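Peer 1: Dropping in work.csv, with CSV, C-alpha atoms.
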```csv
chain,number,residue,atom,x,y,z
A,1,MET,CA,24.0,-18.0,2.1
A,2,SER,CA,26.2,-15.4,3.8
A,3,ASN,CA,24.4,-14.9,7.1
A,4,MET,CA,21.6,-16.2,9.2
A,5,SER,CA,18.8,-14.5,10.9
A,6,GLY,CA,17.9,-14.6,14.6
A,7,LEU,CA,14.7,-16.7,15.0
A,8,GLY,CA,15.3,-20.4,14.4
A,9,ALA,CA,18.4,-19.5,12.4
A,10,ARG,CA,16.9,-20.5,9.1
A,11,PRO,CA,19.1,-19.7,6.1
A,12,ILE,CA,18.1,-16.4,4.4
A,13,LYS,CA,16.3,-17.1,1.1
A,14,PRO,CA,16.4,-14.6,-1.7
A,15,PHE,CA,13.3,-12.4,-2.5
A,16,TRP,CA,11.1,-13.6,-5.4
A,17,PRO,CA,12.0,-12.0,-8.8
A,18,PRO,CA,9.7,-9.0,-9.3
A,19,LEU,CA,7.9,-10.5,-12.3
A,20,ILE,CA,6.9,-13.6,-10.2
A,21,ALA,CA,5.9,-11.5,-7.2
A,22,GLY,CA,3.9,-9.2,-9.5
A,23,VAL,CA,2.0,-11.9,-11.2
A,24,ALA,CA,1.3,-13.5,-7.8
A,25,LEU,CA,0.1,-10.2,-6.4
A,26,GLY,CA,-2.1,-9.6,-9.5
A,27,LEU,CA,-3.7,-13.0,-9.1
A,28,VAL,CA,-4.4,-12.4,-5.4
A,29,LEU,CA,-5.9,-9.0,-6.2
A,30,LEU,CA,-8.1,-10.5,-9.0
A,31,MET,CA,-9.2,-13.2,-6.6
A,32,THR,CA,-10.1,-10.5,-4.1
A,33,PHE,CA,-12.2,-8.7,-6.7
A,34,VAL,CA,-14.0,-12.0,-7.6
A,35,LEU,CA,-14.7,-12.8,-4.0
A,36,THR,CA,-15.7,-9.4,-2.6
A,37,GLY,CA,-16.3,-7.0,-5.4
A,38,HIS,CA,-13.5,-4.7,-4.2
A,39,GLY,CA,-9.7,-4.8,-4.0
A,40,LEU,CA,-7.1,-5.0,-1.2
A,41,GLY,CA,-6.4,-2.3,1.3
A,42,ALA,CA,-4.8,-1.3,4.6
A,43,THR,CA,-5.8,2.1,5.9
A,44,GLY,CA,-9.5,1.1,6.1
A,45,ALA,CA,-8.4,-1.0,9.1
A,46,THR,CA,-6.1,1.6,10.7
A,47,THR,CA,-8.8,4.2,10.4
A,48,ARG,CA,-11.3,1.9,12.1
A,49,ALA,CA,-8.7,1.2,14.8
A,50,THR,CA,-8.4,5.0,15.3
A,51,ALA,CA,-12.1,5.3,15.7
A,52,TRP,CA,-12.1,2.4,18.2
A,53,ILE,CA,-9.2,3.9,20.2
A,54,GLY,CA,-11.1,7.2,20.2
A,55,LEU,CA,-14.2,5.5,21.5
A,56,GLN,CA,-12.3,4.0,24.4
A,57,MET,CA,-10.4,7.2,25.3
A,58,ALA,CA,-12.8,10.0,24.6
A,59,PRO,CA,-16.2,8.5,23.7
A,60,GLN,CA,-18.2,11.8,23.5
A,61,ILE,CA,-15.6,13.6,21.4
A,62,THR,CA,-15.3,10.6,19.0
A,63,GLN,CA,-19.1,10.2,18.7
A,64,SER,CA,-19.6,13.9,17.9
A,65,ASN,CA,-16.6,14.0,15.5
A,66,ALA,CA,-17.7,14.5,11.9
A,67,TYR,CA,-15.3,11.9,10.5
A,68,LEU,CA,-15.1,9.3,13.2
A,69,GLY,CA,-18.6,9.6,14.5
A,70,PRO,CA,-20.4,7.8,11.7
A,71,MET,CA,-17.9,5.0,12.0
A,72,VAL,CA,-18.8,4.3,15.7
A,73,SER,CA,-22.5,4.9,15.5
A,74,SER,CA,-23.4,1.4,14.4
A,75,GLY,CA,-21.4,-0.7,16.9
A,76,ASN,CA,-17.8,-1.8,16.9
A,77,PRO,CA,-15.9,0.0,14.2
A,78,MET,CA,-13.4,-2.9,13.9
A,79,ALA,CA,-16.1,-5.4,12.9
A,80,SER,CA,-15.3,-5.3,9.2
A,81,TRP,CA,-13.9,-7.3,6.3
A,82,ILE,CA,-10.8,-5.0,6.1
A,83,THR,CA,-9.9,-5.7,9.7
A,84,TRP,CA,-9.7,-9.4,8.9
A,85,GLN,CA,-7.8,-8.7,5.7
A,86,VAL,CA,-5.1,-6.7,7.6
A,87,VAL,CA,-4.9,-9.4,10.3
A,88,GLY,CA,-4.3,-11.8,7.4
A,89,VAL,CA,-1.5,-9.5,6.0
A,90,ALA,CA,0.2,-9.7,9.4
A,91,LEU,CA,0.0,-13.5,9.5
A,92,GLY,CA,1.0,-14.0,5.9
A,93,ALA,CA,4.0,-11.7,6.3
A,94,LEU,CA,5.0,-13.4,9.5
A,95,VAL,CA,4.9,-16.9,7.9
A,96,ALA,CA,6.8,-15.6,4.8
A,97,ALA,CA,9.5,-13.9,6.9
A,98,TYR,CA,9.9,-17.0,9.1
A,99,LEU,CA,10.1,-19.5,6.2
A,100,GLY,CA,12.4,-17.2,4.3
A,101,GLY,CA,14.8,-16.8,7.2
A,102,ARG,CA,14.1,-13.1,7.1
A,103,PHE,CA,12.5,-12.6,10.5
A,104,LYS,CA,14.7,-10.4,12.6
A,105,VAL,CA,13.8,-8.0,15.4
A,106,GLN,CA,15.5,-4.7,14.7
A,107,LEU,CA,15.1,-1.0,14.4
A,108,ASP,CA,15.7,-0.9,10.7
A,109,GLY,CA,17.5,2.3,9.8
A,110,ALA,CA,19.3,2.7,13.1
A,111,HIS,CA,22.6,1.8,11.5
A,112,SER,CA,22.2,4.3,8.6
A,113,VAL,CA,20.7,7.4,10.4
A,114,GLY,CA,20.9,6.6,14.1
A,115,THR,CA,18.1,5.5,16.5
A,116,PRO,CA,16.5,8.9,17.5
A,117,ARG,CA,16.3,10.1,13.9
A,118,ARG,CA,14.9,6.8,12.7
A,119,VAL,CA,12.2,6.7,15.3
A,120,LEU,CA,11.2,10.3,14.5
A,121,ALA,CA,11.3,9.7,10.7
A,122,ALA,CA,9.1,6.5,11.1
A,123,LEU,CA,6.6,8.4,13.3
A,124,GLY,CA,6.5,11.5,11.1
A,125,GLY,CA,6.3,9.5,7.9
A,126,GLY,CA,3.4,7.5,9.4
A,127,VAL,CA,1.6,10.8,10.4
A,128,LEU,CA,1.9,12.1,6.8
A,129,ALA,CA,0.8,8.9,5.2
A,130,GLY,CA,-2.1,8.5,7.7
A,131,PHE,CA,-3.3,12.0,7.0
A,132,GLY,CA,-2.8,11.7,3.3
A,133,ALA,CA,-4.6,8.4,3.0
A,134,ARG,CA,-7.7,9.9,4.6
A,135,VAL,CA,-7.6,12.9,2.2
A,136,ALA,CA,-7.4,10.5,-0.8
A,137,ALA,CA,-9.8,8.0,0.8
A,138,GLY,CA,-7.2,5.3,0.2
A,139,CYS,CA,-3.6,4.4,0.3
A,140,THR,CA,-1.0,2.8,-2.0
A,141,SER,CA,-2.9,-0.6,-1.8
A,142,GLY,CA,-6.5,0.5,-1.6
A,143,LEU,CA,-6.5,3.4,-4.1
A,144,GLY,CA,-3.2,3.0,-6.0
A,145,LEU,CA,-3.0,-0.7,-6.6
A,146,SER,CA,-6.7,-1.7,-6.5
A,147,GLY,CA,-8.0,1.4,-8.1
A,148,ALA,CA,-5.5,1.2,-11.0
A,149,ALA,CA,-6.6,-2.4,-11.7
A,150,THR,CA,-10.2,-1.1,-12.3
A,151,LEU,CA,-8.7,1.6,-14.6
A,152,GLY,CA,-9.9,4.4,-12.2
A,153,VAL,CA,-8.6,7.9,-13.1
A,154,SER,CA,-8.0,8.9,-9.4
A,155,ALA,CA,-5.7,5.8,-8.9
A,156,PHE,CA,-3.3,7.0,-11.6
A,157,VAL,CA,-3.4,10.6,-10.3
A,158,PHE,CA,-2.6,9.3,-6.8
A,159,LEU,CA,0.3,7.1,-8.1
A,160,GLY,CA,1.7,10.0,-10.2
A,161,LEU,CA,1.8,12.4,-7.3
A,162,PHE,CA,2.9,9.6,-4.9
A,163,PHE,CA,6.0,8.9,-7.0
A,164,ALA,CA,6.8,12.5,-7.9
A,165,VAL,CA,6.7,13.8,-4.4
A,166,GLY,CA,8.5,10.7,-3.0
A,167,LEU,CA,11.3,11.2,-5.5
A,168,ILE,CA,11.8,14.9,-4.4
A,169,VAL,CA,11.3,14.3,-0.6
A,170,SER,CA,13.7,11.4,-0.5
A,171,ARG,CA,16.4,13.7,-1.8
A,172,LEU,CA,15.7,16.3,0.9
A,173,VAL,CA,15.2,14.1,3.9
A,174,LYS,CA,17.1,10.9,4.8
A,175,GLY,CA,14.8,9.0,7.1
A,176,VAL,CA,16.1,5.4,6.6
B,177,MET,CA,-23.1,-14.4,-9.4
B,178,ILE,CA,-19.5,-13.1,-9.6
B,179,PRO,CA,-18.4,-11.1,-7.7
B,180,LEU,CA,-19.7,-13.1,-4.7
B,181,ASN,CA,-19.7,-9.9,-2.5
B,182,ASP,CA,-18.5,-12.0,0.4
B,183,ALA,CA,-17.7,-9.6,3.2
B,184,GLY,CA,-16.9,-12.3,5.8
B,185,MET,CA,-14.0,-13.2,8.0
B,186,VAL,CA,-12.8,-16.1,6.0
B,187,SER,CA,-12.5,-14.3,2.7
B,188,GLY,CA,-10.8,-11.4,4.5
B,189,LEU,CA,-8.3,-13.7,6.2
B,190,ILE,CA,-7.6,-15.7,3.0
B,191,CYS,CA,-7.0,-12.6,0.8
B,192,GLY,CA,-5.0,-10.9,3.6
B,193,VAL,CA,-2.7,-13.9,4.2
B,194,LEU,CA,-1.9,-14.2,0.6
B,195,PHE,CA,-1.4,-10.5,0.2
B,196,GLY,CA,1.0,-10.4,3.2
B,197,TYR,CA,2.8,-13.5,2.0
B,198,VAL,CA,3.5,-12.1,-1.4
B,199,LEU,CA,4.5,-8.7,-0.2
B,200,GLU,CA,7.1,-10.1,2.2
B,201,ASN,CA,8.5,-12.4,-0.4
B,202,ALA,CA,8.8,-9.5,-2.8
B,203,GLY,CA,11.0,-7.8,-0.2
B,204,PHE,CA,8.4,-5.1,0.7
B,205,GLY,CA,8.9,-5.4,4.5
B,206,SER,CA,12.2,-3.8,4.2
B,207,PRO,CA,12.4,0.1,4.3
B,208,ALA,CA,15.8,0.0,2.7
B,209,LYS,CA,14.4,-1.9,-0.4
B,210,LEU,CA,11.2,0.2,-0.5
B,211,THR,CA,12.9,3.6,-0.4
B,212,ALA,CA,15.6,2.4,-2.9
B,213,GLN,CA,12.8,2.8,-5.5
B,214,PHE,CA,12.7,6.6,-4.8
B,215,GLN,CA,16.5,6.7,-5.1
B,216,LEU,CA,16.1,4.8,-8.4
B,217,ARG,CA,18.5,2.0,-7.2
B,218,ASP,CA,15.9,-0.8,-6.9
B,219,TRP,CA,12.8,-0.8,-9.1
B,220,SER,CA,11.1,-3.7,-7.4
B,221,VAL,CA,8.2,-1.6,-6.1
B,222,PHE,CA,7.3,-0.4,-9.6
B,223,LYS,CA,7.9,-3.7,-11.3
B,224,VAL,CA,5.8,-5.6,-8.9
B,225,MET,CA,3.0,-3.0,-8.7
B,226,PHE,CA,2.8,-2.5,-12.4
B,227,THR,CA,2.8,-6.3,-13.1
B,228,ALA,CA,0.0,-6.8,-10.5
B,229,ILE,CA,-2.1,-3.9,-12.0
B,230,VAL,CA,-1.7,-5.4,-15.5
B,231,VAL,CA,-2.5,-9.0,-14.4
B,232,ALA,CA,-5.6,-7.9,-12.4
B,233,ALA,CA,-6.8,-5.4,-15.0
B,234,LEU,CA,-6.5,-8.1,-17.8
B,235,GLY,CA,-8.2,-10.6,-15.6
B,236,LEU,CA,-11.1,-8.3,-14.8
B,237,TYR,CA,-11.4,-7.5,-18.6
B,238,VAL,CA,-11.6,-11.1,-19.5
B,239,LEU,CA,-14.2,-11.8,-16.8
B,240,LYS,CA,-16.3,-8.9,-18.2
B,241,VAL,CA,-16.1,-9.7,-21.9
B,242,THR,CA,-16.9,-13.4,-21.3
B,243,GLY,CA,-19.9,-12.3,-19.4
B,244,VAL,CA,-18.8,-14.0,-16.1
B,245,MET,CA,-18.8,-10.6,-14.4
B,246,GLN,CA,-21.2,-7.6,-14.9
B,247,PRO,CA,-19.5,-4.4,-16.3
B,248,ASP,CA,-20.2,-2.4,-13.1
B,249,ALA,CA,-19.6,-5.2,-10.7
B,250,VAL,CA,-16.4,-4.0,-9.0
B,251,PHE,CA,-15.8,-1.0,-6.9
B,252,VAL,CA,-14.1,1.9,-8.7
B,253,PRO,CA,-12.8,4.9,-6.6
B,254,SER,CA,-14.5,8.2,-7.3
B,255,ALA,CA,-12.6,10.5,-9.7
B,256,LEU,CA,-12.0,13.2,-7.0
B,257,LEU,CA,-8.7,14.4,-8.6
B,258,MET,CA,-7.8,17.1,-5.9
B,259,ALA,CA,-8.2,14.6,-3.1
B,260,SER,CA,-6.3,11.9,-5.0
B,261,ALA,CA,-3.5,14.3,-5.8
B,262,VAL,CA,-3.1,15.8,-2.3
B,263,GLY,CA,-3.4,12.4,-0.7
B,264,GLY,CA,-0.9,10.8,-3.1
B,265,ALA,CA,1.6,13.6,-2.4
B,266,LEU,CA,1.3,13.2,1.3
B,267,VAL,CA,1.5,9.4,1.2
B,268,GLY,CA,4.5,9.7,-1.1
B,269,ALA,CA,6.2,12.1,1.3
B,270,GLY,CA,5.4,9.8,4.2
B,271,PHE,CA,6.8,6.8,2.3
B,272,ALA,CA,10.0,8.7,1.5
B,273,VAL,CA,10.5,9.9,5.1
B,274,GLY,CA,9.2,6.9,7.1
B,275,GLY,CA,10.3,4.1,4.7
B,276,TYR,CA,6.9,2.4,4.4
B,277,CYS,CA,3.4,2.9,3.0
B,278,PRO,CA,0.5,1.8,5.3
B,279,GLY,CA,0.2,-1.8,4.0
B,280,THR,CA,4.0,-2.5,3.9
B,281,SER,CA,4.4,-1.1,7.5
B,282,VAL,CA,2.3,-4.1,8.6
B,283,VAL,CA,4.6,-6.4,6.6
B,284,GLY,CA,7.6,-4.7,8.1
B,285,PHE,CA,6.4,-5.0,11.7
B,286,PHE,CA,5.6,-8.7,11.3
B,287,SER,CA,9.0,-9.4,9.9
B,288,GLY,CA,10.4,-8.0,13.2
B,289,ARG,CA,10.9,-4.3,12.4
B,290,LEU,CA,10.2,-2.0,15.3
B,291,ASP,CA,10.5,1.1,13.2
B,292,ALA,CA,7.5,-0.2,11.2
B,293,PHE,CA,5.5,-0.2,14.5
B,294,MET,CA,6.5,3.4,15.0
B,295,PHE,CA,5.1,4.1,11.5
B,296,LEU,CA,1.9,2.4,12.4
B,297,ILE,CA,1.6,4.6,15.5
B,298,GLY,CA,2.1,7.5,13.3
B,299,LEU,CA,-0.6,6.3,10.9
B,300,LEU,CA,-3.1,6.3,13.8
B,301,ALA,CA,-1.9,9.8,14.9
B,302,GLY,CA,-2.3,11.1,11.3
B,303,THR,CA,-5.8,9.7,11.2
B,304,PHE,CA,-6.7,11.5,14.5
B,305,ALA,CA,-5.2,14.7,13.1
B,306,PHE,CA,-7.3,14.4,9.9
B,307,ALA,CA,-10.5,13.7,12.0
B,308,GLY,CA,-9.6,16.8,14.0
B,309,PHE,CA,-9.4,19.0,10.9
B,310,TYR,CA,-12.3,17.4,9.1
B,311,GLY,CA,-15.2,19.8,8.4
B,312,PRO,CA,-16.8,21.9,5.6
B,313,ALA,CA,-13.5,23.5,4.5
B,314,VAL,CA,-11.6,20.2,4.2
B,315,GLN,CA,-14.6,18.6,2.5
B,316,ALA,CA,-14.8,21.5,0.0
B,317,VAL,CA,-11.1,21.0,-1.0
B,318,MET,CA,-11.5,17.2,-1.2
B,319,GLY,CA,-14.5,17.7,-3.5
B,320,MET,CA,-12.6,19.9,-6.0
B,321,TRP,CA,-11.7,18.7,-9.6
B,322,GLU,CA,-14.2,15.9,-9.7
B,323,VAL,CA,-14.5,14.4,-13.1
B,324,GLN,CA,-18.3,14.5,-13.7
B,325,ALA,CA,-18.4,12.1,-16.7
B,326,GLY,CA,-17.3,9.1,-14.8
B,327,ASP,CA,-14.6,7.4,-12.7
B,328,THR,CA,-12.8,5.2,-15.2
B,329,PHE,CA,-10.7,6.4,-18.2
B,330,THR,CA,-13.4,4.9,-20.4
B,331,ASP,CA,-16.3,6.8,-18.8
B,332,ALA,CA,-14.3,10.0,-18.0
B,333,PHE,CA,-12.4,10.5,-21.3
B,334,GLY,CA,-13.8,8.0,-23.7
B,335,ILE,CA,-10.6,6.0,-23.9
B,336,SER,CA,-11.5,2.4,-24.6
B,337,GLU,CA,-10.6,-0.3,-22.1
B,338,VAL,CA,-8.5,-2.2,-24.8
B,339,THR,CA,-6.5,1.0,-25.4
B,340,MET,CA,-5.9,1.5,-21.7
B,341,LEU,CA,-4.7,-2.1,-21.4
B,342,ILE,CA,-2.3,-1.7,-24.3
B,343,ILE,CA,-0.9,1.5,-22.8
B,344,LEU,CA,-0.5,-0.3,-19.5
B,345,VAL,CA,1.3,-3.3,-21.1
B,346,VAL,CA,3.7,-0.9,-22.9
B,347,ALA,CA,4.3,1.0,-19.7
B,348,LEU,CA,5.0,-2.2,-17.9
B,349,ILE,CA,7.6,-3.2,-20.5
B,350,ALA,CA,9.2,0.3,-20.2
B,351,VAL,CA,9.3,0.0,-16.4
B,352,PHE,CA,11.2,-3.3,-16.6
B,353,TRP,CA,13.6,-2.2,-19.3
B,354,MET,CA,14.3,1.2,-17.7
B,355,GLY,CA,14.4,-0.2,-14.1
B,356,THR,CA,16.8,-2.9,-15.0
B,357,TRP,CA,19.1,-0.4,-16.6
B,358,PHE,CA,19.1,1.8,-13.5
B,359,GLU,CA,19.6,-1.2,-11.2
B,360,ARG,CA,22.7,-2.3,-13.2
B,361,ARG,CA,24.1,1.2,-12.8
B,362,ALA,CA,23.5,0.9,-9.0
B,363,LYS,CA,25.0,-2.6,-8.5
B,364,GLY,CA,21.8,-4.5,-8.5
B,365,PRO,CA,18.6,-4.4,-6.4
B,366,VAL,CA,18.7,-4.7,-2.6
B,367,SER,CA,19.1,-8.4,-1.8
B,368,ALA,CA,17.4,-10.4,1.0
B,369,ASP,CA,20.7,-10.5,2.9
B,370,GLU,CA,21.1,-6.7,2.8
B,371,ALA,CA,17.4,-6.2,3.7
B,372,VAL,CA,17.8,-8.5,6.8
B,373,ALA,CA,21.1,-6.8,7.8
B,374,GLY,CA,19.2,-3.5,7.8
B,375,ALA,CA,19.4,-0.2,6.0
B,376,GLY,CA,23.0,1.1,5.6
B,377,SER,CA,24.4,-2.4,5.2
B,378,ARG,CA,25.6,-1.7,1.7
B,379,ASN,CA,28.4,0.9,1.7
```
Show me this structure written as structure tokens.
Peer 2:
Amino acid sequence: MSNMSGLGARPIKPFWPPLIAGVALGLVLLMTFVLTGHGLGATGATTRATAWIGLQMAPQITQSNAYLGPMVSSGNPMASWITWQVVGVALGALVAAYLGGRFKVQLDGAHSVGTPRRVLAALGGGVLAGFGARVAAGCTSGLGLSGAATLGVSAFVFLGLFFAVGLIVSRLVKGV
Amino acid sequence: MIPLNDAGMVSGLICGVLFGYVLENAGFGSPAKLTAQFQLRDWSVFKVMFTAIVVAALGLYVLKVTGVMQPDAVFVPSALLMASAVGGALVGAGFAVGGYCPGTSVVGFFSGRLDAFMFLIGLLAGTFAFAGFYGPAVQAVMGMWEVQAGDTFTDAFGISEVTMLIILVVALIAVFWMGTWFERRAKGPVSADEAVAGAGSRN
């Protein structure tokens, strides 16, 4: 191994081959369908977090908002399966990164495009993805991956446009 | 009865931990590796996603034909094609610019990446922006191009599930074959060493 990461200085282990990772991901997704009747996701939790923050900062505006209002009308919007699932993603990623010697605190992309540009690109990309995931009522995980496994038409439309636009935009803007 | 429809904390944590563990081990916490898919240098995103879709779709099919699972037992997203197209375009643009999608930004942050935290802040801001715009006009656009006949390819267009599965398997083989060809031209996929060193380490 050519170099070591910061935390605990464990040797860096290679990533799993894509076929192995893909089969593992498919089995986790299948298990999720069997346990819950739906697939995996991410923006369900960030959307609920948005509603929760809105409720703390501007309760009246949040309660009367057409989109966030229904989410906060029946108690804490964070009390949901998807919140626990995303907490799990964080824990699982942390354990995997630590055991693989791949945990390293860094502003990834600062070397390639500089710190100010990287911060702006990450923020701006997040805004686009956050807005887009609400339009589609799902993100790459919740709609693209999970929806495609159920052979849903909208999942494949989502993935087609996701890839086509990503391909074009990555040639116009260098954000990483 | 399967599915168990368990919406509890334990099932959420178990599914999430495994999801995050696999994503990080696939290299999907690294924005350099993720965006290399759009530059066609590293096809891991496509290879992993397609394999997972095929494995889960085959599994769901087997559970249904063996009668273990009812045909309509799992959630299928509504076939709102305008919303899916516009949303997919925006999430794709956000991925290309920011280096993550929503789920992988959580993986990136918990492998130590502060730019992934910025992306997460952006996600919340984008959700606030959407809530601000949300109203009859946005709802009307999001409701356009709905496939009335159904949400799956079988219900919407009469393509049998077996045909769809065969198409997916063929597409999967094509993705691996084409992807590996592109990766050889670009001196191989982004390695764990390069991912930890950060974007721009290969030059």
Peer 1: Could you please give me, as a PDB file with C-alpha atoms, keeping the file's coordinate frame, the residues of protein, DNA or RNA lying at most 9 Å from (-2.7, -10.3, -5.6) in the coordinate frame of the file, considering only C-alpha atoms?
Peer 2:
```
ATOM      1  CA  ALA A  21       5.900 -11.500  -7.200  1.00  0.00           C
ATOM      2  CA  GLY A  22       3.900  -9.200  -9.500  1.00  0.00           C
ATOM      3  CA  VAL A  23       2.000 -11.900 -11.200  1.00  0.00           C
ATOM      4  CA  ALA A  24       1.300 -13.500  -7.800  1.00  0.00           C
ATOM      5  CA  LEU A  25       0.100 -10.200  -6.400  1.00  0.00           C
ATOM      6  CA  GLY A  26      -2.100  -9.600  -9.500  1.00  0.00           C
ATOM      7  CA  LEU A  27      -3.700 -13.000  -9.100  1.00  0.00           C
ATOM      8  CA  VAL A  28      -4.400 -12.400  -5.400  1.00  0.00           C
ATOM      9  CA  LEU A  29      -5.900  -9.000  -6.200  1.00  0.00           C
ATOM     10  CA  LEU A  30      -8.100 -10.500  -9.000  1.00  0.00           C
ATOM     11  CA  MET A  31      -9.200 -13.200  -6.600  1.00  0.00           C
ATOM     12  CA  THR A  32     -10.100 -10.500  -4.100  1.00  0.00           C
ATOM     13  CA  LEU A  40      -7.100  -5.000  -1.200  1.00  0.00           C
TER      14      LEU A  40
ATOM     15  CA  CYS B 191      -7.000 -12.600   0.800  1.00  0.00           C
ATOM     16  CA  LEU B 194      -1.900 -14.200   0.600  1.00  0.00           C
ATOM     17  CA  PHE B 195      -1.400 -10.500   0.200  1.00  0.00           C
ATOM     18  CA  VAL B 198       3.500 -12.100  -1.400  1.00  0.00           C
ATOM     19  CA  ALA B 228       0.000  -6.800 -10.500  1.00  0.00           C
ATOM     20  CA  VAL B 231      -2.500  -9.000 -14.400  1.00  0.00           C
ATOM     21  CA  ALA B 232      -5.600  -7.900 -12.400  1.00  0.00           C
TER      22      ALA B 232
END
```
Peer 1: Need to verify the contact set: Phe214 in chain B, 9 Å, only C-alpha atoms, exclusion of same-chain residues closer than 3 positions in sequence. Can you return it as a list in words?
Peer 2: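 Here the answer would be Phe163, Ala164, Gly166, Leu167, Ile168, Val169, Ser170 and Arg171 of chain A; Leu210, Thr211, Arg217, Asp218, Trp219 and Ala272 of chain B.
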Peer 1: Using only C-alpha atoms, which of the listed residues (A:Ala136, A:Leu120, A:Ser64, A:Ala51) sits closest to chain B?
Peer 2: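 Going through A:Ala136, A:Leu120, A:Ser64, A:Ala51 one by one, the smallest distance to chain B is for A:Ala136.
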Peer 1: Counting only C-alpha atoms, which residue out of A:Leu35, A:Pro77, A:Gln56, A:Gln63 sits closest to chain B?
Peer 2: A:Leu35
Peer 1: Rounded to one decimal, what separation in Å do you get between CA of Ala90 in chain A and CA of Phe15 in chain A?
Peer 2: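 Calculated distance between CA of Ala90 in chain A and CA of Phe15 in chain A is 17.9 Å.
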Peer 1: What's the separation between CA of Glu322 in chain B and CA of Gly268 in chain B, in Å to one decimal place?
Peer 2: 21.5 Å
Peer 1: Neighbouring residues of Ala49 in chain A were defined as those with any atom within 9 Å, considering all atoms listed in the file; residues of the same chain fewer than 5 positions away were excluded. Please report them as a PDB file with C-alpha atoms, keeping the file's coordinate frame.
Peer 2:
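What landed in out-v8.pdb:
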```pdb
ATOM      1  CA  GLY A  44      -9.500   1.100   6.100  1.00  0.00           C
ATOM      2  CA  GLY A  54     -11.100   7.200  20.200  1.00  0.00           C
ATOM      3  CA  PRO A  77     -15.900   0.000  14.200  1.00  0.00           C
ATOM      4  CA  MET A  78     -13.400  -2.900  13.900  1.00  0.00           C
ATOM      5  CA  THR A  83      -9.900  -5.700   9.700  1.00  0.00           C
TER       6      THR A  83
ATOM      7  CA  LEU B 300      -3.100   6.300  13.800  1.00  0.00           C
TER       8      LEU B 300
END
```
Peer 1: Using all atoms listed in the file, what residues lie at most 10 Å away from (-4.0, 0.4, -1.5) (file coordinates), given as a list in words?
Peer 2: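 Output: Gly39, Leu40, Gly41, Ala42, Thr43, Gly44, Ala133, Ala137, Gly138, Cys139, Thr140, Ser141, Gly142, Leu143, Gly144, Leu145, Ser146, Gly147, Ala148 and Ala155 of chain A; Cys277, Pro278 and Gly279 of chain B.
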Peer 1: Considering only C-alpha atoms, state which residue in the set B:Ala350, B:Val186, B:Val241, B:Leu299 is at the smallest distance from chain A.
Peer 2: B:Leu299
Peer 1: Just to confirm, what's the straight-line distance from CA of Ala269 in chain B to CA of Val165 in chain A in Å (one decimal)?
Peer 2: 6.0 Å
Peer 1: Tell me which protein, DNA and RNA residues are within 7 Å of Trp81 in chain A, counting all atoms listed in the file, leaving out same-chain ones fewer than 2 positions away, and put them as a list of chain:residue names.
Peer 2: A:Thr83, A:Trp84, A:Gln85, B:Ala183, B:Gly184, B:Met185, B:Gly188
Peer 1: Range 364-375 of chain B: which residues within 10 Å, counting all atoms listed in the file, same-chain residues fewer than 2 positions away excluded, as a VMD selection string?
Peer 2: (chain A and resid 1 to 6 11 to 16 97 100 to 113 176) or (chain B and resid 201 to 213 216 to 220 287 to 289 355 to 362 377 to 378)
Peer 1: Counting all atoms listed in the file, figure out which residue out of B:Ala301, B:Ile342, B:Ala259, B:Ala325 gets nearest to Gly125 in chain A.
Peer 2: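 Result for the nearest residue to Gly125 in chain A: B:Ala301.
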Peer 1: Can you tell me which residues surround Met177 in chain B at a distance of at most 10 Å, considering only C-alpha atoms, apart from same-chain residues fewer than 6 positions away, and format the answer as a ChimeraX atom specification?
Peer 2: /A:34 /B:244-246,249
